[in-house]
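File shown here: query_24.cif, holding mmCIF, C-alpha atoms, pLDDT in the B column; chains and numbers go by the auth columns.
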```cif
data_final
loop_
_atom_site.group_PDB
_atom_site.id
_atom_site.type_symbol
_atom_site.label_atom_id
_atom_site.label_comp_id
_atom_site.label_asym_id
_atom_site.label_seq_id
_atom_site.Cartn_x
_atom_site.Cartn_y
_atom_site.Cartn_z
_atom_site.B_iso_or_equiv
_atom_site.auth_seq_id
_atom_site.auth_asym_id
ATOM 1 C CA ASP A 1 81.094 100.738 86.929 63.00 452 A
ATOM 2 C CA THR A 2 84.524 100.968 85.301 68.00 453 A
ATOM 3 C CA GLU A 3 84.639 104.741 85.083 91.00 454 A
ATOM 4 C CA VAL A 4 87.064 107.294 86.304 96.00 455 A
ATOM 5 C CA THR A 5 85.308 110.653 86.358 96.00 456 A
ATOM 6 C CA GLN A 6 87.220 113.906 86.119 97.00 457 A
ATOM 7 C CA THR A 7 85.858 117.403 86.648 97.00 458 A
ATOM 8 C CA PRO A 8 85.909 119.918 85.160 97.00 459 A
ATOM 9 C CA LYS A 9 86.445 118.858 81.540 96.00 460 A
ATOM 10 C CA HIS A 10 87.891 122.255 80.640 97.00 461 A
ATOM 11 C CA LEU A 11 89.478 124.912 82.827 97.00 462 A
ATOM 12 C CA VAL A 12 90.927 128.307 82.009 97.00 463 A
ATOM 13 C CA MET A 13 92.803 130.009 84.810 95.00 464 A
ATOM 14 C CA GLY A 14 95.028 133.004 85.319 94.00 465 A
ATOM 15 C CA MET A 15 98.520 132.752 86.719 93.00 466 A
ATOM 16 C CA THR A 16 97.408 134.156 90.082 92.00 467 A
ATOM 17 C CA ASN A 17 94.365 131.906 90.458 92.00 468 A
ATOM 18 C CA LYS A 18 93.889 128.891 92.702 96.00 469 A
ATOM 19 C CA LYS A 19 91.867 126.037 91.298 97.00 470 A
ATOM 20 C CA SER A 20 91.404 122.313 91.847 98.00 471 A
ATOM 21 C CA LEU A 21 90.966 119.326 89.577 98.00 472 A
ATOM 22 C CA LYS A 22 88.864 116.456 90.851 98.00 473 A
ATOM 23 C CA CYS A 23 88.910 112.733 90.111 98.00 474 A
ATOM 24 C CA GLU A 24 86.552 110.050 91.375 98.00 475 A
ATOM 25 C CA GLN A 25 86.323 106.270 90.984 97.00 476 A
ATOM 26 C CA HIS A 26 84.006 103.703 92.544 93.00 477 A
ATOM 27 C CA MET A 27 85.785 100.526 91.487 93.00 478 A
ATOM 28 C CA GLY A 28 87.373 99.945 94.896 93.00 479 A
ATOM 29 C CA HIS A 29 90.802 100.705 93.482 93.00 480 A
ATOM 30 C CA ARG A 30 93.475 101.549 96.033 93.00 481 A
ATOM 31 C CA ALA A 31 95.966 103.189 93.670 93.00 482 A
ATOM 32 C CA MET A 32 95.347 106.524 91.960 95.00 483 A
ATOM 33 C CA TYR A 33 97.525 108.572 89.636 95.00 484 A
ATOM 34 C CA TRP A 34 97.910 111.984 88.055 97.00 485 A
ATOM 35 C CA TYR A 35 99.436 112.265 84.590 96.00 486 A
ATOM 36 C CA LYS A 36 100.199 115.342 82.508 97.00 487 A
ATOM 37 C CA GLN A 37 99.920 115.163 78.716 96.00 488 A
ATOM 38 C CA LYS A 38 101.148 117.916 76.416 96.00 489 A
ATOM 39 C CA ALA A 39 99.849 118.096 72.859 92.00 490 A
ATOM 40 C CA LYS A 40 101.117 115.316 70.595 90.00 491 A
ATOM 41 C CA LYS A 41 103.110 113.770 73.471 94.00 492 A
ATOM 42 C CA PRO A 42 102.606 110.703 75.668 95.00 493 A
ATOM 43 C CA PRO A 43 101.314 111.045 79.234 95.00 494 A
ATOM 44 C CA GLU A 44 103.929 111.741 81.903 95.00 495 A
ATOM 45 C CA LEU A 45 103.455 110.509 85.439 94.00 496 A
ATOM 46 C CA MET A 46 103.198 113.190 88.119 96.00 497 A
ATOM 47 C CA PHE A 47 101.980 111.492 91.319 96.00 498 A
ATOM 48 C CA VAL A 48 100.996 108.073 92.609 93.00 499 A
ATOM 49 C CA TYR A 49 98.810 107.432 95.647 94.00 500 A
ATOM 50 C CA SER A 50 98.662 103.984 97.198 92.00 501 A
ATOM 51 C CA TYR A 51 96.113 103.355 99.951 93.00 502 A
ATOM 52 C CA GLU A 52 95.586 107.113 100.220 95.00 503 A
ATOM 53 C CA LYS A 53 99.250 107.817 100.841 95.00 504 A
ATOM 54 C CA LEU A 54 101.538 109.586 98.387 95.00 505 A
ATOM 55 C CA SER A 55 104.027 106.990 97.171 92.00 506 A
ATOM 56 C CA ILE A 56 105.582 108.643 94.113 90.00 507 A
ATOM 57 C CA ASN A 57 106.198 112.312 93.318 93.00 508 A
ATOM 58 C CA GLU A 58 108.006 112.661 90.018 92.00 509 A
ATOM 59 C CA SER A 59 109.769 115.871 91.061 93.00 510 A
ATOM 60 C CA VAL A 60 106.697 117.920 90.286 96.00 511 A
ATOM 61 C CA PRO A 61 106.866 121.672 91.108 96.00 512 A
ATOM 62 C CA SER A 62 105.143 122.646 94.357 96.00 513 A
ATOM 63 C CA ARG A 63 102.584 124.754 92.489 97.00 514 A
ATOM 64 C CA PHE A 64 100.885 121.368 91.925 98.00 515 A
ATOM 65 C CA SER A 65 99.610 119.904 95.192 98.00 516 A
ATOM 66 C CA PRO A 66 97.879 116.510 95.209 98.00 517 A
ATOM 67 C CA GLU A 67 95.429 115.344 97.835 97.00 518 A
ATOM 68 C CA CYS A 68 93.676 112.033 98.405 97.00 519 A
ATOM 69 C CA PRO A 69 90.833 112.642 100.899 95.00 520 A
ATOM 70 C CA ASN A 70 89.592 109.050 100.713 94.00 521 A
ATOM 71 C CA SER A 71 89.978 105.921 98.636 91.00 522 A
ATOM 72 C CA SER A 72 87.573 107.143 95.940 95.00 523 A
ATOM 73 C CA LEU A 73 88.720 110.721 95.474 97.00 524 A
ATOM 74 C CA LEU A 74 91.841 112.380 94.196 98.00 525 A
ATOM 75 C CA ASN A 75 92.360 116.111 93.880 98.00 526 A
ATOM 76 C CA LEU A 76 95.037 118.216 92.271 98.00 527 A
ATOM 77 C CA HIS A 77 95.299 121.715 93.679 98.00 528 A
ATOM 78 C CA LEU A 78 96.753 124.328 91.372 97.00 529 A
ATOM 79 C CA HIS A 79 98.311 127.627 92.399 95.00 530 A
ATOM 80 C CA ALA A 80 100.444 130.197 90.596 94.00 531 A
ATOM 81 C CA LEU A 81 100.686 128.158 87.422 95.00 532 A
ATOM 82 C CA GLN A 82 102.630 129.168 84.337 96.00 533 A
ATOM 83 C CA PRO A 83 101.424 129.152 80.729 96.00 534 A
ATOM 84 C CA GLU A 84 103.675 126.148 80.047 96.00 535 A
ATOM 85 C CA ASP A 85 101.559 124.167 82.511 97.00 536 A
ATOM 86 C CA SER A 86 98.734 124.212 79.979 97.00 537 A
ATOM 87 C CA ALA A 87 98.043 120.558 79.145 97.00 538 A
ATOM 88 C CA LEU A 88 95.601 117.684 79.453 97.00 539 A
ATOM 89 C CA TYR A 89 95.645 116.348 83.017 98.00 540 A
ATOM 90 C CA LEU A 90 94.670 112.707 83.256 97.00 541 A
ATOM 91 C CA CYS A 91 93.656 110.828 86.351 97.00 542 A
ATOM 92 C CA ALA A 92 93.921 107.043 86.493 95.00 543 A
ATOM 93 C CA SER A 93 93.247 104.294 88.993 94.00 544 A
ATOM 94 C CA SER A 94 94.186 100.633 89.404 91.00 545 A
ATOM 95 C CA GLN A 95 93.466 97.898 91.916 89.00 546 A
ATOM 96 C CA THR A 96 96.894 98.239 93.451 81.00 547 A
ATOM 97 C CA THR A 97 100.274 99.555 92.463 76.00 548 A
ATOM 98 C CA GLY A 98 101.331 96.118 91.278 73.00 549 A
ATOM 99 C CA GLY A 99 102.667 96.533 87.758 68.00 550 A
ATOM 100 C CA PHE A 100 100.351 93.876 86.404 74.00 551 A
ATOM 101 C CA THR A 101 97.150 95.724 87.230 78.00 552 A
ATOM 102 C CA GLU A 102 95.341 97.606 84.513 84.00 553 A
ATOM 103 C CA ALA A 103 95.158 101.379 84.853 89.00 554 A
ATOM 104 C CA PHE A 104 91.777 102.939 84.037 92.00 555 A
ATOM 105 C CA PHE A 105 91.984 106.519 82.791 94.00 556 A
ATOM 106 C CA GLY A 106 89.528 109.359 83.031 96.00 557 A
ATOM 107 C CA GLN A 107 88.720 111.621 80.099 95.00 558 A
ATOM 108 C CA GLY A 108 90.995 114.327 81.409 96.00 559 A
ATOM 109 C CA THR A 109 90.796 118.010 82.256 97.00 560 A
ATOM 110 C CA ARG A 110 92.088 120.308 79.556 97.00 561 A
ATOM 111 C CA LEU A 111 93.791 123.147 81.397 97.00 562 A
ATOM 112 C CA THR A 112 94.717 126.463 79.836 97.00 563 A
ATOM 113 C CA VAL A 113 96.781 128.938 81.848 97.00 564 A
ATOM 114 C CA VAL A 114 96.545 132.521 80.637 95.00 565 A
ATOM 115 C CA ALA B 1 116.637 103.124 82.618 68.00 524 B
ATOM 116 C CA GLN B 2 113.623 101.696 80.898 76.00 525 B
ATOM 117 C CA SER B 3 112.496 103.119 77.572 89.00 526 B
ATOM 118 C CA VAL B 4 109.863 102.435 74.970 95.00 527 B
ATOM 119 C CA THR B 5 110.238 103.252 71.290 97.00 528 B
ATOM 120 C CA GLN B 6 107.390 103.394 68.834 97.00 529 B
ATOM 121 C CA LEU B 7 109.080 103.353 65.482 93.00 530 B
ATOM 122 C CA ASP B 8 106.371 105.109 63.499 95.00 531 B
ATOM 123 C CA SER B 9 104.962 108.459 64.554 96.00 532 B
ATOM 124 C CA GLN B 10 102.215 108.321 61.911 97.00 533 B
ATOM 125 C CA VAL B 11 100.664 105.478 59.963 97.00 534 B
ATOM 126 C CA PRO B 12 98.198 106.268 57.182 97.00 535 B
ATOM 127 C CA VAL B 13 96.145 103.252 56.124 97.00 536 B
ATOM 128 C CA PHE B 14 93.136 102.629 53.927 98.00 537 B
ATOM 129 C CA GLU B 15 89.904 101.319 55.360 97.00 538 B
ATOM 130 C CA GLU B 16 89.727 97.496 55.487 97.00 539 B
ATOM 131 C CA ALA B 17 93.518 97.210 55.053 98.00 540 B
ATOM 132 C CA PRO B 18 95.711 95.622 57.745 98.00 541 B
ATOM 133 C CA VAL B 19 97.842 97.705 60.060 98.00 542 B
ATOM 134 C CA GLU B 20 100.875 96.993 62.236 98.00 543 B
ATOM 135 C CA LEU B 21 102.205 99.379 64.875 98.00 544 B
ATOM 136 C CA ARG B 22 105.707 98.671 66.069 98.00 545 B
ATOM 137 C CA CYS B 23 106.908 98.901 69.664 97.00 546 B
ATOM 138 C CA ASN B 24 110.301 98.071 71.095 97.00 547 B
ATOM 139 C CA TYR B 25 111.384 98.366 74.698 94.00 548 B
ATOM 140 C CA SER B 26 114.667 98.244 76.537 91.00 549 B
ATOM 141 C CA SER B 27 114.948 96.237 79.722 81.00 550 B
ATOM 142 C CA SER B 28 117.204 93.718 81.377 75.00 551 B
ATOM 143 C CA VAL B 29 114.391 92.394 83.567 80.00 552 B
ATOM 144 C CA SER B 30 110.904 91.070 83.008 82.00 553 B
ATOM 145 C CA VAL B 31 108.280 93.634 82.105 86.00 554 B
ATOM 146 C CA TYR B 32 104.568 93.967 81.687 90.00 555 B
ATOM 147 C CA LEU B 33 103.468 95.401 78.339 93.00 556 B
ATOM 148 C CA PHE B 34 100.373 97.353 77.360 94.00 557 B
ATOM 149 C CA TRP B 35 98.791 99.011 74.359 97.00 558 B
ATOM 150 C CA TYR B 36 96.472 101.944 74.958 97.00 559 B
ATOM 151 C CA VAL B 37 94.347 103.892 72.469 97.00 560 B
ATOM 152 C CA GLN B 38 93.448 107.554 72.781 96.00 561 B
ATOM 153 C CA TYR B 39 90.641 108.928 70.634 94.00 562 B
ATOM 154 C CA PRO B 40 90.550 112.704 70.027 88.00 563 B
ATOM 155 C CA ASN B 41 89.793 114.669 73.194 83.00 564 B
ATOM 156 C CA GLN B 42 89.517 111.506 75.252 88.00 565 B
ATOM 157 C CA GLY B 43 91.434 109.659 77.923 91.00 566 B
ATOM 158 C CA LEU B 44 93.318 106.413 77.352 94.00 567 B
ATOM 159 C CA GLN B 45 91.627 103.053 76.934 94.00 568 B
ATOM 160 C CA LEU B 46 93.402 99.729 77.342 94.00 569 B
ATOM 161 C CA LEU B 47 93.457 97.629 74.166 96.00 570 B
ATOM 162 C CA LEU B 48 95.407 94.661 75.509 95.00 571 B
ATOM 163 C CA LYS B 49 98.175 93.638 77.869 94.00 572 B
ATOM 164 C CA TYR B 50 100.889 91.024 78.189 93.00 573 B
ATOM 165 C CA LEU B 51 101.733 89.832 81.681 89.00 574 B
ATOM 166 C CA SER B 52 103.010 86.296 81.072 87.00 575 B
ATOM 167 C CA GLY B 53 102.136 83.100 79.253 88.00 576 B
ATOM 168 C CA SER B 54 101.114 82.964 75.607 90.00 577 B
ATOM 169 C CA THR B 55 103.049 85.447 73.523 91.00 578 B
ATOM 170 C CA LEU B 56 100.047 86.195 71.282 96.00 579 B
ATOM 171 C CA VAL B 57 97.606 88.448 73.070 96.00 580 B
ATOM 172 C CA LYS B 58 94.139 89.298 71.828 96.00 581 B
ATOM 173 C CA GLY B 59 92.469 92.525 72.816 96.00 582 B
ATOM 174 C CA ILE B 60 89.356 94.556 72.186 95.00 583 B
ATOM 175 C CA ASN B 61 88.129 95.841 68.820 94.00 584 B
ATOM 176 C CA GLY B 62 89.908 93.084 66.866 96.00 585 B
ATOM 177 C CA PHE B 63 93.434 94.069 67.884 97.00 586 B
ATOM 178 C CA GLU B 64 96.161 91.592 68.789 98.00 587 B
ATOM 179 C CA ALA B 65 99.822 91.869 69.734 98.00 588 B
ATOM 180 C CA GLU B 66 102.770 89.522 69.840 96.00 589 B
ATOM 181 C CA PHE B 67 105.404 89.593 72.536 95.00 590 B
ATOM 182 C CA ASN B 68 108.902 88.730 71.341 94.00 591 B
ATOM 183 C CA LYS B 69 111.356 88.533 74.218 91.00 592 B
ATOM 184 C CA SER B 70 114.480 88.036 72.098 91.00 593 B
ATOM 185 C CA GLN B 71 113.683 91.100 70.014 93.00 594 B
ATOM 186 C CA THR B 72 112.212 93.030 72.964 93.00 595 B
ATOM 187 C CA SER B 73 109.208 93.902 70.839 95.00 596 B
ATOM 188 C CA PHE B 74 105.451 94.052 71.297 97.00 597 B
ATOM 189 C CA HIS B 75 103.934 94.910 67.934 98.00 598 B
ATOM 190 C CA LEU B 76 100.210 95.626 67.575 98.00 599 B
ATOM 191 C CA ARG B 77 98.188 94.387 64.598 98.00 600 B
ATOM 192 C CA LYS B 78 94.699 94.533 63.195 98.00 601 B
ATOM 193 C CA PRO B 79 93.790 92.603 60.030 97.00 602 B
ATOM 194 C CA SER B 80 91.188 95.078 58.797 98.00 603 B
ATOM 195 C CA VAL B 81 90.818 98.630 60.075 98.00 604 B
ATOM 196 C CA HIS B 82 87.758 100.857 60.204 97.00 605 B
ATOM 197 C CA ILE B 83 87.439 104.611 60.009 96.00 606 B
ATOM 198 C CA SER B 84 86.678 104.530 63.741 96.00 607 B
ATOM 199 C CA ASP B 85 90.192 103.191 64.440 97.00 608 B
ATOM 200 C CA THR B 86 91.609 106.634 63.676 97.00 609 B
ATOM 201 C CA ALA B 87 93.331 107.523 66.953 97.00 610 B
ATOM 202 C CA GLU B 88 96.638 107.773 68.798 97.00 611 B
ATOM 203 C CA TYR B 89 98.086 104.483 70.009 98.00 612 B
ATOM 204 C CA PHE B 90 100.527 104.215 72.899 97.00 613 B
ATOM 205 C CA CYS B 91 102.710 101.291 73.862 97.00 614 B
ATOM 206 C CA ALA B 92 103.656 101.210 77.547 94.00 615 B
ATOM 207 C CA VAL B 93 105.713 99.116 79.949 91.00 616 B
ATOM 208 C CA SER B 94 105.732 98.652 83.674 88.00 617 B
ATOM 209 C CA TYR B 95 108.020 96.705 85.949 78.00 618 B
ATOM 210 C CA PRO B 96 106.997 94.381 88.783 72.00 619 B
ATOM 211 C CA ALA B 97 108.902 96.437 91.333 69.00 620 B
ATOM 212 C CA ALA B 98 108.138 99.892 89.942 65.00 621 B
ATOM 213 C CA GLY B 99 104.773 100.508 91.556 64.00 622 B
ATOM 214 C CA ASN B 100 102.701 100.320 88.374 69.00 623 B
ATOM 215 C CA LYS B 101 104.594 103.261 86.968 81.00 624 B
ATOM 216 C CA LEU B 102 103.804 103.207 83.272 87.00 625 B
ATOM 217 C CA THR B 103 106.449 104.360 80.814 90.00 626 B
ATOM 218 C CA PHE B 104 104.887 105.277 77.496 94.00 627 B
ATOM 219 C CA GLY B 105 106.288 105.292 74.013 96.00 628 B
ATOM 220 C CA GLY B 106 105.980 108.426 71.924 96.00 629 B
ATOM 221 C CA GLY B 107 102.743 107.319 70.318 97.00 630 B
ATOM 222 C CA THR B 108 101.657 106.390 66.790 98.00 631 B
ATOM 223 C CA ARG B 109 98.928 108.339 65.093 97.00 632 B
ATOM 224 C CA VAL B 110 96.808 106.082 62.881 98.00 633 B
ATOM 225 C CA LEU B 111 94.805 107.807 60.176 97.00 634 B
ATOM 226 C CA VAL B 112 92.341 105.539 58.406 97.00 635 B
ATOM 227 C CA LYS B 113 91.347 106.788 54.972 97.00 636 B
ATOM 228 C CA PRO B 114 88.180 105.769 53.115 95.00 637 B
#
```
Would you write out, as structure tokens, the structure that this file holds?
Amino acid sequence: DTEVTQTPKHLVMGMTNKKSLKCEQHMGHRAMYWYKQKAKKPPELMFVYSYEKLSINESVPSRFSPECPNSSLLNLHLHALQPEDSALYLCASSQTTGGFTEAFFGQGTRLTVV
Amino acid sequence: AQSVTQLDSQVPVFEEAPVELRCNYSSSVSVYLFWYVQYPNQGLQLLLKYLSGSTLVKGINGFEAEFNKSQTSFHLRKPSVHISDTAEYFCAVSYPAAGNKLTFGGGTRVLVKP
């Protein structure tokens, strides 16, 4: 199983809503990532978890709150988002955070904030 | 700071013709190099990677890339493309000490015409 599964695939939310994105992998990977991708742009790193601990936060606004409940799951909690936060949110995982390890990406959650 | 430049934002190519996608990076230290492909409404899939050793790297779907340290380049090639190769292609780098933090180039959109 080399899959990273993200749910939901699509999400529309209002600016006052609270929602969560979910990511799951069963490859035994100990590093997990959230990326944000705007249309026609490359992915931008948001957060890195290593062994279930947050190791990198790329100065992401606090309306995005990551959580890693266990080694297989990664959540991104969303609250009071802005329309400019509309994007494709990609989850990825790798064996470790060593730069030589391949990152496996999920299919993404396409988020629209209205 | 590290950066990755993909010199062509779009590359139209006829079916069964060869294609080359250019990637240059800036770094004063050793790097790991990757090419990812993103099909419409999908996540990213690894095509190939260079970690060390032979400078010619073969990947999936008939793609190959050549690492050139003196020119700080990692160009991607395919001798004969198919319609199904229509996608966005991203070059990316990571550094041994950077926690598998991928820095992506701006992407090259390949449009294969019949």
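Comparing the minimum interatomic distances between Gln568 in chain B and each of A:Leu496, A:Leu462, A:Pro512, A:Leu541, counting all atoms listed in the file, we find that A:Leu541 sits nearest.
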## Note on the structure
One residue among B:Ser577, B:Ser551, B:Thr609, B:Gln565 is nearest to chain A when using all atoms listed in the file, and that residue is B:Gln565
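The closest residue to Tyr559 in chain B, picked from B:Ile583, B:Leu571, B:Ser607, B:Val633 and counting all atoms listed in the file, is B:Leu571.
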### Task
Pull out every residue that the PyMOL selection byres ((chain A) within 6 of (chain B)) matches in the shown coordinates and put them as a ChimeraX atom specification.
/A:493,548-550,556-559
### Query
If you apply the PyMOL selection byres ((chain A and resi 544) around 7) to this file, what residues do you get, as a PyMOL selection string?
chain A and resi 480+482-484+543+545+554-556
### Message
For Pro535 in chain B, find every residue with an atom within 12 Å (counting all atoms listed in the file), except residues of its own chain fewer than 4 positions away, and show them as number ranges by chain.
### Response
B: 531, 540-544, 604, 606, 608-611, 631-637
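Using only C-alpha atoms, the nearest neighbour of Glu589 in chain B within the list B:Ser553, B:Asn547, B:His605, B:Val560 is B:Asn547.
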How big is the axis-aligned box around the listed atoms of range 556-559 of chain B once 3 Å is added on each side, and where is its centre? Give both in Å to one decimal, as JSON.
```
{"center_x": 100.0, "center_y": 98.7, "center_z": 76.3, "size_x": 13.0, "size_y": 12.5, "size_z": 10.0}
```
### Closest of A:Thr456, A:Thr552, A:Thr467, A:Thr560 to Lys489 in chain A - atom-to-atom distances counting only C-alpha atoms
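Nearest candidate to Lys489 in chain A out of A:Thr456, A:Thr552, A:Thr467, A:Thr560: A:Thr560.
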Residues matched by the PyMOL selection byres ((chain A and resi 535) around 10) as a compact mmCIF listing (two decimals) with C-alpha atoms, keeping the file's coordinate frame:
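Result went into part-v2.txt, see below:
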```
# COMPACT_ATOMS: atom_id res chain seq x y z
CA LYS A 489 101.15 117.92 76.42
CA LEU A 532 100.69 128.16 87.42
CA GLN A 533 102.63 129.17 84.34
CA PRO A 534 101.42 129.15 80.73
CA ASP A 536 101.56 124.17 82.51
CA SER A 537 98.73 124.21 79.98
CA ALA A 538 98.04 120.56 79.14
CA THR A 563 94.72 126.46 79.84
CA VAL A 564 96.78 128.94 81.85
CA VAL A 565 96.54 132.52 80.64
```
### Task
Identify the residues around (100.1, 108.9, 100.5) within a radius of 12 Å, measuring from all atoms listed in the file in the coordinates stated by the file, and give them as a count of residues only.
22
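As for CA of Lys460 in chain A and CA of Arg561 in chain A, they are spaced 6.2 Å apart.
Of note, CA of Val536 in chain B and CA of Gln594 in chain B are spaced 25.5 Å apart.
Rounded to one decimal, CA of Lys470 in chain A and CA of Ser523 in chain A lie 19.9 Å from each other.
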